[in-house]
Amino acid sequence: MRLGVDVGGTFTDLVAVDEGRIVTAKVASVPTDQSVGVLAALDSSGLDPAAVRWFAHGSTVATNALLERRGARTALITTAGFRDVLEIGRQNRPSLYDLTRDREPALVPRDLRFVVRERIGPGPGPEPSVEPLDEATVAAAAAALVASGVEAVAICLLFAFLDPSHERRARDLLAEAVPGVRVTLSSDVLPEFREYERLTTTVADAYLTPKLGDYLLALAERAARRGLVEPLVMQSSGGIEPLRAAAAHAATCLLSGPAAGVVGAAYVAGLSGHDDVLTFDMGGTSTDVAPVLGGAVQTTAGTVLGGVPIRLPAVDVHSVSAGGGSIAWIDEGGALRVGPRSAGADPGPACYGHGGDQATVTDANLVLGHLADGGRLGDNVILDRSRALAALTSLGDRLGLDPVGVASGIIAVADAEMARALRVVSVQRGLDPREFTLVAFGGAGGMHACALAEDLGVRRVLVPSACGVLSALGLAVGDLRRDYSRALFAELGDGLGQGAPGGGAGRAAGAGPEPDVGVRLEAAFAEMERQARQDMAGATCRRLADCRYRGQSFELTVSLDGWSGTAETLARALLLRFGEAHEQHYGYRMDAEPVQVVALRVTALIAGERPALEAPAADPAFRTGRREVRVQDQWRQVQVIPRAALGSGDALAGPAIVEFPEATCVVRPGWTGRIDGVGTLVLERN
């Protein structure tokens, strides 16, 4: 049995897959100790821990610690003259025209940032010229650290991506002077150029690792006492890694939960025969959307979370603060807004009856009839429409609207925000959403999917049978993965022979790659692949390269999937693929311009098991009913169908409500649905 447990801001979800059969559970999250919710979900499922041979976990511990600035007390040691790079950054403003708004505070205050004298530079000859590390400056920093009470130290020296020897020596000196403190090296975390992103990523890793590491080790101990195998951990990249590796480098796991959802969505969509999809995960706190192309989860070289750039592979997820628990409010101009504040799991939306009194998206859906009064969410939430009405009435009094009008407005505002998010990962990536299928999941995804599809011109929506816990399913079927990168600067030449003037490096325009560039690239790739296969026996390796036109400030990551050839043709293959990628992202290409490689990447994968799911037969114990639902600004008696009452091949027509064990789907007028062979509800617009 393969087990996945995902901890969200509101609920903790569990999925176990056993020969095509799925067991699910959903319990309230415990923010103070997420491992309590993990084991409570196991108890709720009734599973035998001894039957579990794969246990993968997605956690928000690192995410919450970064967003709430509750990580370890961290110090930074960097090269003299670069103490304030962390503060200066790229001088981007969070809001261009708001002069009163400040950036998020740096993770390391200035009094805990120390400098050492050293320099590695591109000197003459094959080896870099070196200004020796001044060990006296390291000793001075260590002496200051002894009295500072820090728990972690990030070491990020200017050119450590070329030569890590100074960082390693500084680490050894700190270990002698300040025993017990955790030390993180930029050359281990991110051996790539761009000092600011390398610095922020290294600092974030040092800042978060003590908290996540302690949590994961405690979870492993509790799991062992229950007879469970040691958990694996989902990374931001969509791959799974051993617990000890995640505990050593927390920055790799910042988008653990959202990444698992995309993996799960790609899996179930593939089983239903759909390879190009947009994933739509609406949970209690946020909505996460992502593209899947040709069945492959798309990743980026980095992301920004809580104002901190994290330059590590991550699933190409875009998140907005529009979840079921997002709080509705009125801004200074009198407009209705939704989010970013969330009621979370405690106290939760007003309708939970746990002390919340502010109107949320869930309260609006309940008042409009999308959710059932007295319906149950998870193991301890019974929805109370009267409490939702009271919260909406209070907000409506200030807007001059009745509760139903406020509820409709909240849904409209939330839908607009989520539609914008879907356009970010489709239209702004050069993708036409009309050519995609929308996969809706999360506890609230199915209630909004048809409306969003109509807005985007999407004609097909998939609602998986485990839609309310799909992130946990992604954990259960995920791949083992490890990522490697290396800074490598090479010029591929002057394009693809277009004959335009202005070639680079003194070569004729359109001359193509230098003859030895492919040999250099092949040698570097081969060395990384040897290391990858040493770390992960039996792994399959993917090659990628960060490329740009000469003079560009940022690069695109280009995949070499499907390419086979010699070292001499490798550079030309990169030229071709970079041109295609640039045209897709930006709408144009410049084939006569020189192209540079700035970094190489290798991804090692061991594919997880992906069993074929079975659509359970319809259960005659579940019967359809009817209730009054607000549909297109009028109340109508709508058929309510328990998902368990539908078997493979069964069909329905909107308007209708389909109630899943952990979620609800609103089928709007003009839509029809059927259950396919793997249990997914396939909705199509007439």
# chains A, B, ... in the order shown; residues from 1 in each chain; ligands from 1
>>> select_by_dssp(residues="range 170-277 of chain A", states="strand (DSSP E or B)", output="PyMOL selection string")
chain A and resi 182-185+232-234+239-242+277
>>> residues_around(residues="Pro669 in chain A", least_positions_apart="6", cutoff="10 Å", atoms="only C-alpha atoms", output="list of chain:residue names")
A:Cys450, A:Val631, A:Gln632, A:Ala653, A:Gly654, A:Pro655, A:Ala656, A:Arg685, A:Asn686
>>> write_last_selection(atoms="N, CA and C atoms", output="mmCIF file, in the first residue's frame")
data_model
loop_
_atom_site.group_PDB
_atom_site.id
_atom_site.type_symbol
_atom_site.label_atom_id
_atom_site.label_comp_id
_atom_site.auth_asym_id
_atom_site.auth_seq_id
_atom_site.Cartn_x
_atom_site.Cartn_y
_atom_site.Cartn_z
ATOM 1 N N CYS A 450 -16.705 25.232 -13.159
ATOM 2 C CA CYS A 450 -17.474 25.509 -14.377
ATOM 3 C C CYS A 450 -17.515 27.007 -14.685
ATOM 4 N N VAL A 631 -28.859 29.850 -8.729
ATOM 5 C CA VAL A 631 -28.249 29.558 -10.026
ATOM 6 C C VAL A 631 -28.533 30.719 -10.964
ATOM 7 N N GLN A 632 -27.459 31.359 -11.447
ATOM 8 C CA GLN A 632 -27.591 32.476 -12.390
ATOM 9 C C GLN A 632 -28.622 33.496 -11.910
ATOM 10 N N ALA A 653 -26.857 16.018 -16.053
ATOM 11 C CA ALA A 653 -26.935 17.294 -16.753
ATOM 12 C C ALA A 653 -27.136 18.402 -15.743
ATOM 13 N N GLY A 654 -26.515 19.566 -16.015
ATOM 14 C CA GLY A 654 -26.660 20.705 -15.125
ATOM 15 C C GLY A 654 -27.949 21.454 -15.362
ATOM 16 N N PRO A 655 -28.448 22.199 -14.389
ATOM 17 C CA PRO A 655 -27.770 22.433 -13.106
ATOM 18 C C PRO A 655 -27.917 21.255 -12.158
ATOM 19 N N ALA A 656 -26.834 20.968 -11.438
ATOM 20 C CA ALA A 656 -26.837 19.863 -10.480
ATOM 21 C C ALA A 656 -25.707 20.089 -9.482
ATOM 22 N N ARG A 685 -19.081 21.382 -21.791
ATOM 23 C CA ARG A 685 -20.054 22.422 -22.141
ATOM 24 C C ARG A 685 -20.787 22.035 -23.410
ATOM 25 N N ASN A 686 -22.103 22.228 -23.409
ATOM 26 C CA ASN A 686 -22.897 21.941 -24.603
ATOM 27 C C ASN A 686 -22.572 22.956 -25.694
#
>>> residues_around(residues="Ala246 in chain A", least_positions_apart="5", cutoff="8 Å", atoms="only C-alpha atoms", output="JSON, numbers by chain")
{"A": [213, 233, 235, 241, 252, 253]}
>>> write_last_selection(atoms="C-alpha atoms", output="PDB file, in the first residue's frame")
ATOM      1  CA  GLY A 213      14.399  19.315  10.381  1.00  0.00           C
ATOM      2  CA  VAL A 233       9.055  14.247   1.700  1.00  0.00           C
ATOM      3  CA  GLN A 235       9.928  18.838  -2.718  1.00  0.00           C
ATOM      4  CA  GLU A 241      13.246  12.766  -1.479  1.00  0.00           C
ATOM      5  CA  THR A 252      13.762  22.484  -1.267  1.00  0.00           C
ATOM      6  CA  CYS A 253      10.364  21.823   0.350  1.00  0.00           C
TER       7      CYS A 253
END
>>> residues_around(residues="Arg194 in chain A", least_positions_apart="2", cutoff="12 Å", atoms="only C-alpha atoms", output="PDB file with C-alpha atoms, in the first residue's frame")
ATOM      1  CA  VAL A  85      23.305  42.664  -0.570  1.00  0.00           C
ATOM      2  CA  GLY A  89      18.487  43.126  -3.406  1.00  0.00           C
ATOM      3  CA  ARG A  90      17.579  44.224  -6.901  1.00  0.00           C
ATOM      4  CA  CYS A 156      27.724  32.793   1.115  1.00  0.00           C
ATOM      5  CA  LEU A 157      31.019  34.002  -0.335  1.00  0.00           C
ATOM      6  CA  LEU A 158      31.111  35.920  -3.571  1.00  0.00           C
ATOM      7  CA  PHE A 159      32.496  33.386  -6.054  1.00  0.00           C
ATOM      8  CA  ALA A 160      32.001  30.149  -4.142  1.00  0.00           C
ATOM      9  CA  PHE A 161      30.109  28.698  -7.097  1.00  0.00           C
ATOM     10  CA  LEU A 162      33.468  28.623  -8.934  1.00  0.00           C
ATOM     11  CA  SER A 186      25.885  28.408  -0.727  1.00  0.00           C
ATOM     12  CA  LEU A 190      23.049  26.626  -5.077  1.00  0.00           C
ATOM     13  CA  PRO A 191      26.394  26.490  -6.936  1.00  0.00           C
ATOM     14  CA  GLU A 192      25.271  29.076  -9.508  1.00  0.00           C
ATOM     15  CA  TYR A 196      21.648  38.008  -4.666  1.00  0.00           C
ATOM     16  CA  GLU A 197      19.507  34.947  -5.483  1.00  0.00           C
ATOM     17  CA  ARG A 198      22.244  32.607  -4.238  1.00  0.00           C
ATOM     18  CA  LEU A 199      22.417  34.613  -1.021  1.00  0.00           C
ATOM     19  CA  THR A 200      18.648  34.697  -0.396  1.00  0.00           C
ATOM     20  CA  THR A 201      18.280  30.984  -1.139  1.00  0.00           C
ATOM     21  CA  PRO A 309      13.617  34.759  -4.009  1.00  0.00           C
ATOM     22  CA  ARG A 311      16.444  29.910  -6.743  1.00  0.00           C
ATOM     23  CA  ALA A 487      27.531  27.233 -13.243  1.00  0.00           C
ATOM     24  CA  SER A 553      19.485  39.936 -17.796  1.00  0.00           C
ATOM     25  CA  PHE A 554      17.597  36.673 -17.307  1.00  0.00           C
ATOM     26  CA  GLU A 555      17.609  33.265 -18.889  1.00  0.00           C
ATOM     27  CA  VAL A 598      25.094  30.159 -17.947  1.00  0.00           C
ATOM     28  CA  ALA A 599      24.206  26.972 -16.034  1.00  0.00           C
TER      29      ALA A 599
END
>>> select_by_dssp(residues="range 347-409 of chain A", states="alpha helix (DSSP H)", output="MDAnalysis selection string")
chainID A and resid 361:367 385:399 403:409
>>> closest_residue(among="A:Lys26, A:His249, A:Arg550, A:Arg2", to="Ser236 in chain A", atoms="only C-alpha atoms")
A:His249
>>> residues_around(residues="range 514-531 of chain A", least_positions_apart="4", cutoff="7 Å", atoms="only C-alpha atoms", output="PyMOL selection string")
chain A and resi 484+490+492-493+535+541+567-571+602
>>> write_last_selection(atoms="C-alpha atoms", output="short mmCIF file (atom, residue, chain, number, x, y, z; two decimals), in the first residue's frame")
data_model
loop_
_atom_site.label_atom_id
_atom_site.label_comp_id
_atom_site.auth_asym_id
_atom_site.auth_seq_id
_atom_site.Cartn_x
_atom_site.Cartn_y
_atom_site.Cartn_z
CA TYR A 484 21.90 19.00 -9.61
CA ALA A 490 29.78 29.20 -22.69
CA LEU A 492 26.91 28.79 -28.34
CA GLY A 493 27.76 31.07 -31.25
CA ASP A 535 23.40 9.03 -5.25
CA CYS A 541 18.66 11.56 -15.87
CA ALA A 567 28.84 16.24 -28.31
CA GLU A 568 29.42 18.14 -31.54
CA THR A 569 25.65 18.50 -32.18
CA LEU A 570 24.70 19.27 -28.56
CA ALA A 571 25.30 23.01 -28.82
CA VAL A 602 20.54 17.43 -14.32
#
>>> closest_residue(among="A:Gly562, A:Asp84, A:Ala472, A:Leu112", to="Val38 in chain A", atoms="only C-alpha atoms")
A:Ala472
